[in-house]
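K.L.:
File model_22.cif below, mmCIF, C-alpha atoms:
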```cif
data_run
#
loop_
_atom_site.label_atom_id
_atom_site.label_comp_id
_atom_site.auth_asym_id
_atom_site.auth_seq_id
_atom_site.Cartn_x
_atom_site.Cartn_y
_atom_site.Cartn_z
CA MET A 26 0.00 0.00 0.00
CA SER A 27 3.02 2.21 0.30
CA LEU A 28 3.27 5.20 -1.98
CA SER A 29 7.02 5.23 -1.86
CA THR A 30 7.71 2.40 -4.24
CA PRO A 31 8.29 4.06 -7.57
CA ARG A 32 10.13 1.19 -9.14
CA LYS A 33 10.10 2.47 -12.69
CA ARG A 34 10.04 6.20 -12.24
CA ALA A 35 11.26 6.54 -15.79
CA ASP A 36 7.66 6.19 -17.01
CA LYS A 37 6.35 9.43 -18.27
CA GLU A 38 2.88 9.36 -16.78
CA ASP A 39 1.70 9.28 -13.25
CA PRO A 40 0.53 5.71 -12.53
CA LEU A 41 -2.36 7.06 -10.50
CA ALA A 42 -3.64 9.39 -13.13
CA GLU A 43 -5.67 6.86 -15.07
CA SER A 44 -6.80 4.62 -12.26
CA ASP A 45 -9.90 5.05 -10.14
CA VAL A 46 -7.80 4.87 -7.01
CA THR A 47 -7.55 8.23 -5.36
CA LEU A 48 -4.62 9.45 -3.34
CA GLU A 49 -6.95 9.66 -0.32
CA ALA A 50 -7.77 5.96 -0.53
CA LEU A 51 -4.16 4.95 -0.90
CA HIS A 52 -2.96 7.13 1.90
CA PRO A 53 -5.69 8.19 4.35
CA PRO A 54 -4.93 11.43 6.17
CA GLU A 55 -4.86 9.75 9.60
CA LEU A 56 -2.16 7.30 8.49
CA ARG A 57 1.34 8.34 9.52
CA HIS A 58 3.94 7.95 6.83
CA HIS A 59 6.06 5.39 8.63
CA PHE A 60 3.19 2.87 8.74
CA ASP A 61 2.04 0.79 5.82
CA THR A 62 -1.62 0.45 6.79
CA PRO A 63 -4.02 1.90 9.39
CA GLU A 64 -4.25 -1.61 10.87
CA GLN A 65 -0.51 -1.72 11.43
CA GLN A 66 -0.61 1.76 12.95
CA LEU A 67 -3.35 0.82 15.43
CA GLU A 68 -1.63 -2.46 16.26
CA SER A 69 1.60 -0.65 17.22
CA SER A 70 -0.31 1.76 19.45
CA LEU A 71 -2.16 -1.10 21.12
CA LEU A 72 1.02 -3.07 21.72
CA GLY A 73 2.77 -0.03 23.17
CA MET A 74 -0.16 0.69 25.49
CA TRP A 75 -0.33 -2.91 26.67
CA ILE A 76 3.40 -2.92 27.42
CA PHE A 77 2.97 0.26 29.47
CA LEU A 78 0.06 -1.30 31.35
CA LEU A 79 2.12 -4.41 32.06
CA THR A 80 4.86 -2.28 33.62
CA GLU A 81 2.06 -0.81 35.75
CA VAL A 82 1.02 -4.33 36.72
CA MET A 83 4.56 -4.97 37.96
CA PHE A 84 4.53 -1.60 39.77
CA PHE A 85 1.33 -2.43 41.66
CA GLY A 86 2.51 -6.05 41.93
CA GLY A 87 5.33 -4.96 44.23
CA MET A 88 2.79 -3.47 46.63
CA PHE A 89 0.55 -6.53 46.45
CA GLY A 90 3.67 -8.59 47.22
CA GLY A 91 4.44 -6.47 50.28
CA TYR A 92 0.84 -6.84 51.39
CA THR A 93 1.04 -10.65 51.04
CA VAL A 94 4.23 -10.86 53.09
CA TYR A 95 2.94 -8.72 55.97
CA ARG A 96 -0.46 -10.31 55.97
CA ASN A 97 1.24 -13.66 56.33
CA LEU A 98 3.30 -12.32 59.22
CA TYR A 99 0.37 -10.76 61.10
CA PRO A 100 -2.82 -12.50 59.91
CA ASP A 101 -4.87 -11.71 63.04
CA ALA A 102 -3.90 -8.05 63.16
CA PHE A 103 -4.72 -7.62 59.47
CA ALA A 104 -8.07 -9.36 59.86
CA SER A 105 -8.94 -7.13 62.82
CA THR A 106 -8.69 -3.98 60.68
CA SER A 107 -11.61 -5.01 58.44
CA GLN A 108 -14.17 -3.90 61.03
CA PHE A 109 -12.90 -0.33 60.60
CA MET A 110 -13.24 -0.38 56.83
CA ASN A 111 -16.45 1.02 55.40
CA VAL A 112 -17.59 -1.93 53.30
CA THR A 113 -20.72 -0.09 52.13
CA LEU A 114 -18.76 2.81 50.69
CA GLY A 115 -16.09 0.46 49.33
CA GLY A 116 -18.76 -1.68 47.67
CA ILE A 117 -20.51 1.36 46.20
CA ASN A 118 -17.17 2.53 44.84
CA THR A 119 -16.57 -0.86 43.25
CA ALA A 120 -19.94 -0.62 41.51
CA VAL A 121 -19.22 3.00 40.46
CA LEU A 122 -15.93 1.94 38.87
CA ILE A 123 -17.55 -0.99 37.07
CA CYS A 124 -20.21 1.37 35.70
CA SER A 125 -17.50 3.79 34.57
CA SER A 126 -15.76 0.92 32.79
CA LEU A 127 -19.02 0.20 30.98
CA THR A 128 -19.43 3.84 29.92
CA MET A 129 -15.78 3.90 28.78
CA ALA A 130 -16.31 0.75 26.73
CA MET A 131 -19.43 2.38 25.26
CA ALA A 132 -17.37 5.51 24.46
CA VAL A 133 -14.95 3.40 22.42
CA HIS A 134 -17.93 1.65 20.84
CA SER A 135 -19.44 5.02 19.83
CA ALA A 136 -16.10 6.18 18.45
CA GLN A 137 -15.86 3.05 16.32
CA LEU A 138 -19.27 3.82 14.84
CA GLY A 139 -18.29 7.45 14.31
CA LYS A 140 -21.04 8.74 16.62
CA ASN A 141 -19.40 11.85 17.98
CA LYS A 142 -22.28 13.02 20.20
CA ALA A 143 -22.59 9.62 21.87
CA LEU A 144 -18.82 9.54 22.31
CA ILE A 145 -18.85 12.87 24.15
CA LEU A 146 -21.84 11.78 26.25
CA PHE A 147 -20.18 8.53 27.36
CA LEU A 148 -16.87 10.26 28.05
CA VAL A 149 -18.63 12.84 30.24
CA LEU A 150 -20.47 10.04 32.08
CA THR A 151 -17.16 8.24 32.65
CA LEU A 152 -15.60 11.43 33.98
CA ILE A 153 -18.54 12.02 36.34
CA LEU A 154 -18.39 8.45 37.66
CA GLY A 155 -14.62 8.81 38.14
CA CYS A 156 -15.21 11.98 40.18
CA VAL A 157 -17.91 10.22 42.23
CA PHE A 158 -15.39 7.49 43.04
CA LEU A 159 -12.78 10.03 44.14
CA ASP A 160 -15.36 11.89 46.19
CA ILE A 161 -16.39 8.72 48.07
CA LYS A 162 -12.70 7.91 48.53
CA PHE A 163 -12.26 11.34 50.08
CA VAL A 164 -15.13 10.67 52.52
CA GLU A 165 -13.47 7.38 53.50
CA TYR A 166 -10.08 9.04 54.02
CA HIS A 167 -11.78 11.61 56.19
CA GLU A 168 -13.29 8.83 58.31
CA LYS A 169 -9.83 7.39 58.77
CA TRP A 170 -8.55 10.82 59.78
CA VAL A 171 -11.33 11.25 62.36
CA ASP A 172 -10.72 7.73 63.73
CA HIS A 173 -6.95 8.34 64.05
CA HIS A 174 -6.28 5.48 61.65
CA ILE A 175 -3.66 7.35 59.68
CA PRO A 176 -0.20 5.88 60.40
CA GLY A 177 2.04 8.25 62.29
CA PRO A 178 2.33 9.92 65.70
CA ASN A 179 -1.44 10.29 66.10
CA PHE A 180 -2.28 6.71 65.26
CA GLN A 181 -4.67 5.02 67.66
CA TYR A 182 -6.01 1.50 67.59
CA ALA A 183 -8.76 -0.12 69.63
CA ASP A 184 -6.88 -3.36 70.19
CA ALA A 185 -3.58 -2.49 71.92
CA ARG A 186 -2.00 -5.83 70.96
CA TYR A 187 -2.14 -4.93 67.30
CA PHE A 188 -1.10 -1.28 67.57
CA HIS A 189 2.06 -1.61 65.47
CA GLN A 190 0.87 -4.38 63.20
CA ALA A 191 -2.42 -2.69 62.30
CA GLN A 192 -0.46 0.42 61.49
CA ILE A 193 1.33 -1.55 58.75
CA LEU A 194 -2.03 -2.48 57.24
CA PHE A 195 -3.19 1.13 57.30
CA PHE A 196 0.09 2.22 55.75
CA LEU A 197 -0.47 -0.31 52.95
CA TYR A 198 -4.11 0.82 52.69
CA PHE A 199 -3.13 4.44 52.11
CA ALA A 200 -0.22 3.57 49.81
CA MET A 201 -2.27 1.24 47.61
CA THR A 202 -5.56 3.17 47.49
CA GLY A 203 -3.61 6.44 47.27
CA LEU A 204 -1.64 5.24 44.27
CA HIS A 205 -4.86 3.94 42.77
CA ALA A 206 -6.57 7.31 43.38
CA LEU A 207 -3.60 9.04 41.75
CA HIS A 208 -4.16 6.88 38.68
CA MET A 209 -7.83 7.87 38.75
CA ILE A 210 -6.92 11.58 38.86
CA VAL A 211 -4.54 11.13 35.91
CA GLY A 212 -7.28 9.19 34.11
CA ALA A 213 -9.80 11.99 34.77
CA GLY A 214 -7.35 14.47 33.23
CA LEU A 215 -6.88 12.23 30.20
CA ILE A 216 -10.64 11.83 29.73
CA THR A 217 -11.07 15.61 29.94
CA THR A 218 -8.53 15.89 27.12
CA LEU A 219 -10.51 13.33 25.12
CA ILE A 220 -13.73 15.30 25.64
CA VAL A 221 -12.06 18.46 24.33
CA MET A 222 -10.64 16.57 21.33
CA ALA A 223 -14.02 14.98 20.60
CA ALA A 224 -15.74 18.38 20.85
CA ARG A 225 -13.27 19.64 18.24
CA ARG A 226 -14.23 16.66 16.06
CA ARG A 227 -10.77 15.15 16.02
CA PHE A 228 -12.04 11.58 16.03
CA SER A 229 -13.66 9.60 13.26
CA ALA A 230 -14.63 6.00 12.67
CA GLN A 231 -11.28 5.70 10.86
CA TRP A 232 -9.16 7.19 13.63
CA TYR A 233 -9.99 7.12 17.34
CA THR A 234 -6.75 5.67 18.71
CA PRO A 235 -6.51 7.94 21.82
CA VAL A 236 -10.02 6.93 22.91
CA GLU A 237 -9.08 3.27 22.70
CA MET A 238 -5.72 3.76 24.49
CA ILE A 239 -7.16 5.74 27.39
CA GLY A 240 -10.01 3.24 27.53
CA LEU A 241 -7.47 0.47 28.12
CA TYR A 242 -5.85 2.54 30.86
CA TRP A 243 -9.20 3.18 32.54
CA HIS A 244 -10.12 -0.53 32.54
CA PHE A 245 -6.70 -1.36 33.99
CA VAL A 246 -7.30 1.03 36.90
CA ASP A 247 -10.67 -0.70 37.39
CA ILE A 248 -8.95 -4.10 37.61
CA ILE A 249 -6.55 -2.85 40.29
CA TRP A 250 -9.53 -1.78 42.39
CA ILE A 251 -11.27 -5.13 41.82
CA PHE A 252 -8.31 -6.73 43.64
CA LEU A 253 -7.85 -3.99 46.26
CA PHE A 254 -11.46 -4.12 47.43
CA PRO A 255 -11.54 -7.73 48.76
CA LEU A 256 -7.95 -7.57 50.06
CA LEU A 257 -8.39 -4.39 52.08
CA TYR A 258 -12.07 -4.37 53.00
CA LEU A 259 -13.23 -7.95 53.24
CA ILE A 260 -10.35 -9.92 54.78
CA GLY A 261 -11.52 -10.41 58.32
CA HIS A 262 -15.16 -9.71 57.97
CA THR A 263 -16.33 -12.74 59.88
CA LYS A 264 -13.91 -12.33 62.79
CA MET B 19 -9.97 -0.87 11.74
CA THR B 20 -8.43 -4.13 12.77
CA HIS B 21 -11.25 -5.64 14.73
CA SER B 22 -14.95 -5.93 14.27
CA ILE B 23 -17.12 -3.83 16.58
CA VAL B 24 -18.31 -5.57 19.72
CA PRO B 25 -22.11 -5.19 20.11
CA ALA B 26 -23.24 -2.99 23.02
CA LYS B 27 -25.26 -5.94 24.35
CA VAL B 28 -22.04 -7.80 25.13
CA TYR B 29 -20.76 -4.88 27.20
CA ALA B 30 -24.07 -4.62 29.07
CA GLY B 31 -23.99 -8.36 29.80
CA VAL B 32 -20.44 -8.22 31.12
CA TRP B 33 -21.38 -5.22 33.26
CA ALA B 34 -24.33 -7.11 34.77
CA VAL B 35 -22.12 -10.09 35.62
CA LEU B 36 -19.48 -7.82 37.19
CA ILE B 37 -22.08 -6.09 39.39
CA ALA B 38 -23.54 -9.45 40.40
CA LEU B 39 -20.07 -10.74 41.32
CA THR B 40 -19.46 -7.63 43.44
CA PHE B 41 -22.57 -8.42 45.49
CA THR B 42 -21.49 -12.06 45.65
CA THR B 43 -18.04 -11.24 47.00
CA VAL B 44 -19.49 -9.01 49.74
CA ALA B 45 -22.09 -11.66 50.64
CA VAL B 46 -19.52 -14.48 50.72
CA SER B 47 -17.22 -12.44 52.97
CA LYS B 48 -19.94 -12.43 55.64
CA LEU B 49 -20.07 -16.22 55.75
CA GLU B 50 -17.90 -18.17 58.15
CA LEU B 51 -15.76 -20.24 55.81
CA GLY B 52 -12.38 -20.06 57.50
CA GLU B 53 -9.53 -19.98 55.05
CA TYR B 54 -11.92 -20.49 52.14
CA ASN B 55 -13.08 -16.88 52.59
CA PHE B 56 -9.80 -15.71 51.13
CA ILE B 57 -9.83 -18.28 48.34
CA ALA B 58 -13.43 -17.36 47.40
CA ALA B 59 -12.68 -13.61 47.43
CA MET B 60 -9.60 -14.02 45.23
CA THR B 61 -11.35 -16.42 42.84
CA ILE B 62 -14.14 -13.90 42.33
CA ALA B 63 -11.61 -11.09 41.86
CA VAL B 64 -9.71 -13.12 39.25
CA ILE B 65 -12.97 -13.91 37.39
CA LYS B 66 -13.91 -10.21 37.41
CA GLY B 67 -10.44 -9.16 36.24
CA THR B 68 -10.52 -11.74 33.46
CA LEU B 69 -13.94 -10.49 32.30
CA VAL B 70 -12.69 -6.89 32.16
CA VAL B 71 -9.53 -7.86 30.27
CA THR B 72 -11.33 -10.17 27.84
CA PHE B 73 -14.31 -8.01 26.95
CA PHE B 74 -13.83 -4.38 28.04
CA MET B 75 -10.15 -4.36 27.06
CA ASN B 76 -11.03 -6.51 24.06
CA LEU B 77 -8.22 -8.99 24.46
CA LYS B 78 -10.59 -11.49 22.87
CA GLN B 79 -10.11 -9.88 19.49
CA SER B 80 -6.53 -8.74 19.97
CA SER B 81 -3.67 -10.12 17.93
CA SER B 82 -1.66 -13.08 19.16
CA MET B 83 1.28 -10.72 19.57
CA ILE B 84 -0.57 -8.68 22.21
CA ARG B 85 -1.83 -11.84 23.92
CA LEU B 86 1.73 -13.14 24.08
CA PHE B 87 2.85 -9.89 25.74
CA VAL B 88 0.03 -10.04 28.27
CA ALA B 89 0.87 -13.66 29.08
CA ALA B 90 4.55 -12.71 29.45
CA GLY B 91 3.63 -9.84 31.79
CA LEU B 92 1.55 -12.10 34.01
CA PHE B 93 4.32 -14.69 33.95
CA TRP B 94 6.80 -12.06 35.16
CA LEU B 95 4.39 -11.09 37.92
CA ALA B 96 4.24 -14.76 38.92
CA ILE B 97 8.04 -14.91 38.99
CA MET B 98 8.14 -11.89 41.28
CA PHE B 99 5.60 -13.39 43.68
CA VAL B 100 7.13 -16.88 43.71
CA PHE B 101 10.63 -15.58 44.38
CA VAL B 102 9.66 -13.01 47.00
CA LEU B 103 7.44 -15.45 48.88
CA SER B 104 9.81 -18.40 48.66
CA ASP B 105 12.54 -16.15 50.04
CA TYR B 106 10.45 -14.98 53.00
CA PHE B 107 9.02 -18.41 53.73
CA SER B 108 12.32 -20.26 53.58
CA ARG B 109 14.10 -18.06 56.11
CA GLY B 110 11.93 -19.00 59.03
CA TRP B 111 10.89 -15.40 59.57
CA GLN B 112 7.24 -16.15 59.49
CA PRO B 113 4.93 -18.89 60.63
CA LEU B 114 4.07 -21.37 57.94
CA GLY B 115 0.79 -23.16 57.72
CA GLN B 116 -1.92 -20.54 57.54
CA TRP B 117 -1.41 -17.30 55.78
CA TRP B 118 -4.89 -16.01 55.09
#
```
Would you mind writing the file out in structure tokens?
P.N.:
Amino acid sequence: MSLSTPRKRADKEDPLAESDVTLEALHPPELRHHFDTPEQQLESSLLGMWIFLLTEVMFFGGMFGGYTVYRNLYPDAFASTSQFMNVTLGGINTAVLICSSLTMAMAVHSAQLGKNKALILFLVLTLILGCVFLDIKFVEYHEKWVDHHIPGPNFQYADARYFHQAQILFFLYFAMTGLHALHMIVGAGLITTLIVMAARRRFSAQWYTPVEMIGLYWHFVDIIWIFLFPLLYLIGHTK
Amino acid sequence: MTHSIVPAKVYAGVWAVLIALTFTTVAVSKLELGEYNFIAAMTIAVIKGTLVVTFFMNLKQSSSMIRLFVAAGLFWLAIMFVFVLSDYFSRGWQPLGQWW
């Protein structure tokens, strides 16, 4: 499909001149010159995004590893912290994130069909749900602040035996959910950018790569929460 | 476009299953199952994660190249966990037997 293969340039006439094939069809405007086809271009973007997300998996994996080690060391102390976690708010947040993943998937779906209005609508919905999640997270952090469950000099714990060990769990709680919330804030910024781009009609059914890439990122952040929720909120529920 | 468009119905179905599994995991955590509480919670989380990756992230229709990379990434994660945990467990620093 490449235009840059003029094998016999000696010919007098332009090979395209008499054919029905237009320059547009041979080289769509959204296709960068160093790619042969739009498919190849999208495939490289997808592969690059997946590799980035896999480095993120390793990044979060280190924290999950630390959690596993300490939970194994202090199983009773870790289980005792569950009663101070707000399972209702955590559960609502899980549902909110799953809904936002659906709206993000629908945004990509709309982009594929070239429906710009629907794309903007679903992106705005995703952004709103992301903000709702962060807002609920803020309420939960505030509860922890009021209860003196933030690790540090003012830390207090009901069960004196587990004072130090529970503090490790709360440290992990803030590190893991904090890093996750940071990813949500970055994601909200990225979605805002997408909304602006969509409003300027930058996307078409032929080219919507940023929507798909940021969609992948958003779903990845959702998956991290799917694992954080049972590990942090539900561990010692029965004890 | 490289892949055919997934119908919106599929997304809605996956969403419904994910929401149902969220309720399930909360409900199961209230049961007294001993160490199986942890196993159940993680099994549900893995099922949910797999659903998101397969359908929302469209791994189902992705090229074998991307699938290979995803498998390699998960394999590396497994290496990290196996080595870290085998190191901690083999030094006698922590009690073996029950760790959930």
K.L.:
Evaluating the PyMOL selection byres ((chain B) within 8 of (chain A)) on the displayed file yields which residues, as a ChimeraX atom specification?
P.N.:
/B:19-20,23-24,26,29-30,33,36-37,40,43-44,47-50,55-56,59-60,63-64,66-67,70-71,74-75,83-84,87-88,91-92,94-95,99,102-103,106,112-113,116-118
K.L.:
Set the distance at 8 Å and use all atoms listed in the file: which residues neighbour segment 207-212 of chain A once local chain neighbours fewer than 2 positions away are removed? I'd like the list as a count of residues only.
P.N.:
12
K.L.:
Could you tell me how far atom CA of Phe73 of chain B lies from atom CA of Ala224 of chain A, in Å and to one decimal?
P.N.:
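Taking atom CA of Phe73 of chain B as the start and atom CA of Ala224 of chain A as the end point, the length is 27.1 Å.
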K.L.:
Could you put an axis-aligned box around every listed atom of segment 168-174 of chain A, padded by 4 Å on each side, and send me its centre and edge lengths in Å to one decimal, as JSON?
P.N.:
```
{"center_x": -9.8, "center_y": 8.4, "center_z": 61.2, "size_x": 15.0, "size_y": 13.8, "size_z": 13.7}
```
K.L.:
Would you mind reading off the distance between atom CA of Thr106 of chain A and atom CA of Leu194 of chain A, one decimal, in Å?
P.N.:
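Taking atom CA of Thr106 of chain A as the start and atom CA of Leu194 of chain A as the end point, the length is 7.6 Å.
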K.L.:
Select, from A:Val164, A:Ser229, A:Ala102, A:Met88, the residue with the minimum atom-to-atom distance to Met98 of chain B, counting only C-alpha atoms.
P.N.:
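Ranking A:Val164, A:Ser229, A:Ala102, A:Met88 by distance to Met98 of chain B, first place goes to A:Met88.
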K.L.:
How many Å lie between atom CA of Gly177 of chain A and atom CA of Gly115 of chain A, rounded to one decimal?
P.N.:
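Spanning atom CA of Gly177 of chain A to atom CA of Gly115 of chain A is a straight-line distance of 23.6 Å.
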K.L.:
The PyMOL selection byres ((chain A and resi 144-146) around 9) on the file shown: which residues, as a ChimeraX atom specification?
P.N.:
/A:131-136,139-143,147-151,219-221,223-224
K.L.:
Supply segment 204-224 of chain A as a short mmCIF file (atom, residue, chain, number, x, y, z; two decimals), in the frame of the given file, with N, CA and C atoms built in where the input has gaps.
P.N.:
```cif
data_model
loop_
_atom_site.label_atom_id
_atom_site.label_comp_id
_atom_site.auth_asym_id
_atom_site.auth_seq_id
_atom_site.Cartn_x
_atom_site.Cartn_y
_atom_site.Cartn_z
N LEU A 204 -2.23 5.38 45.60
CA LEU A 204 -1.64 5.24 44.27
C LEU A 204 -2.74 4.99 43.24
N HIS A 205 -3.74 4.20 43.66
CA HIS A 205 -4.86 3.94 42.77
C HIS A 205 -5.63 5.24 42.48
N ALA A 206 -5.86 6.04 43.55
CA ALA A 206 -6.57 7.31 43.38
C ALA A 206 -5.78 8.25 42.48
N LEU A 207 -4.46 8.22 42.61
CA LEU A 207 -3.60 9.04 41.75
C LEU A 207 -3.81 8.66 40.29
N HIS A 208 -3.90 7.34 40.04
CA HIS A 208 -4.16 6.88 38.68
C HIS A 208 -5.52 7.35 38.19
N MET A 209 -6.50 7.39 39.13
CA MET A 209 -7.83 7.87 38.75
C MET A 209 -7.77 9.35 38.37
N ILE A 210 -7.00 10.13 39.15
CA ILE A 210 -6.92 11.58 38.86
C ILE A 210 -6.27 11.79 37.49
N VAL A 211 -5.18 11.04 37.23
CA VAL A 211 -4.54 11.13 35.91
C VAL A 211 -5.53 10.73 34.83
N GLY A 212 -6.28 9.65 35.08
CA GLY A 212 -7.28 9.19 34.11
C GLY A 212 -8.34 10.25 33.86
N ALA A 213 -8.78 10.94 34.93
CA ALA A 213 -9.80 11.99 34.77
C ALA A 213 -9.25 13.11 33.88
N GLY A 214 -7.98 13.45 34.08
CA GLY A 214 -7.35 14.47 33.23
C GLY A 214 -7.32 14.03 31.77
N LEU A 215 -6.96 12.74 31.57
CA LEU A 215 -6.88 12.23 30.20
C LEU A 215 -8.26 12.23 29.53
N ILE A 216 -9.29 11.87 30.31
CA ILE A 216 -10.64 11.83 29.73
C ILE A 216 -11.10 13.24 29.38
N THR A 217 -10.74 14.22 30.26
CA THR A 217 -11.07 15.61 29.94
C THR A 217 -10.45 16.00 28.60
N THR A 218 -9.18 15.60 28.40
CA THR A 218 -8.53 15.89 27.12
C THR A 218 -9.30 15.26 25.96
N LEU A 219 -9.75 14.01 26.17
CA LEU A 219 -10.51 13.33 25.12
C LEU A 219 -11.79 14.07 24.79
N ILE A 220 -12.47 14.58 25.86
CA ILE A 220 -13.73 15.30 25.64
C ILE A 220 -13.48 16.54 24.77
N VAL A 221 -12.38 17.26 25.11
CA VAL A 221 -12.06 18.46 24.33
C VAL A 221 -11.76 18.07 22.88
N MET A 222 -10.97 17.00 22.70
CA MET A 222 -10.64 16.57 21.33
C MET A 222 -11.89 16.15 20.57
N ALA A 223 -12.79 15.43 21.27
CA ALA A 223 -14.02 14.98 20.60
C ALA A 223 -14.89 16.18 20.24
N ALA A 224 -14.95 17.18 21.13
CA ALA A 224 -15.74 18.38 20.85
C ALA A 224 -15.19 19.11 19.65
#
```
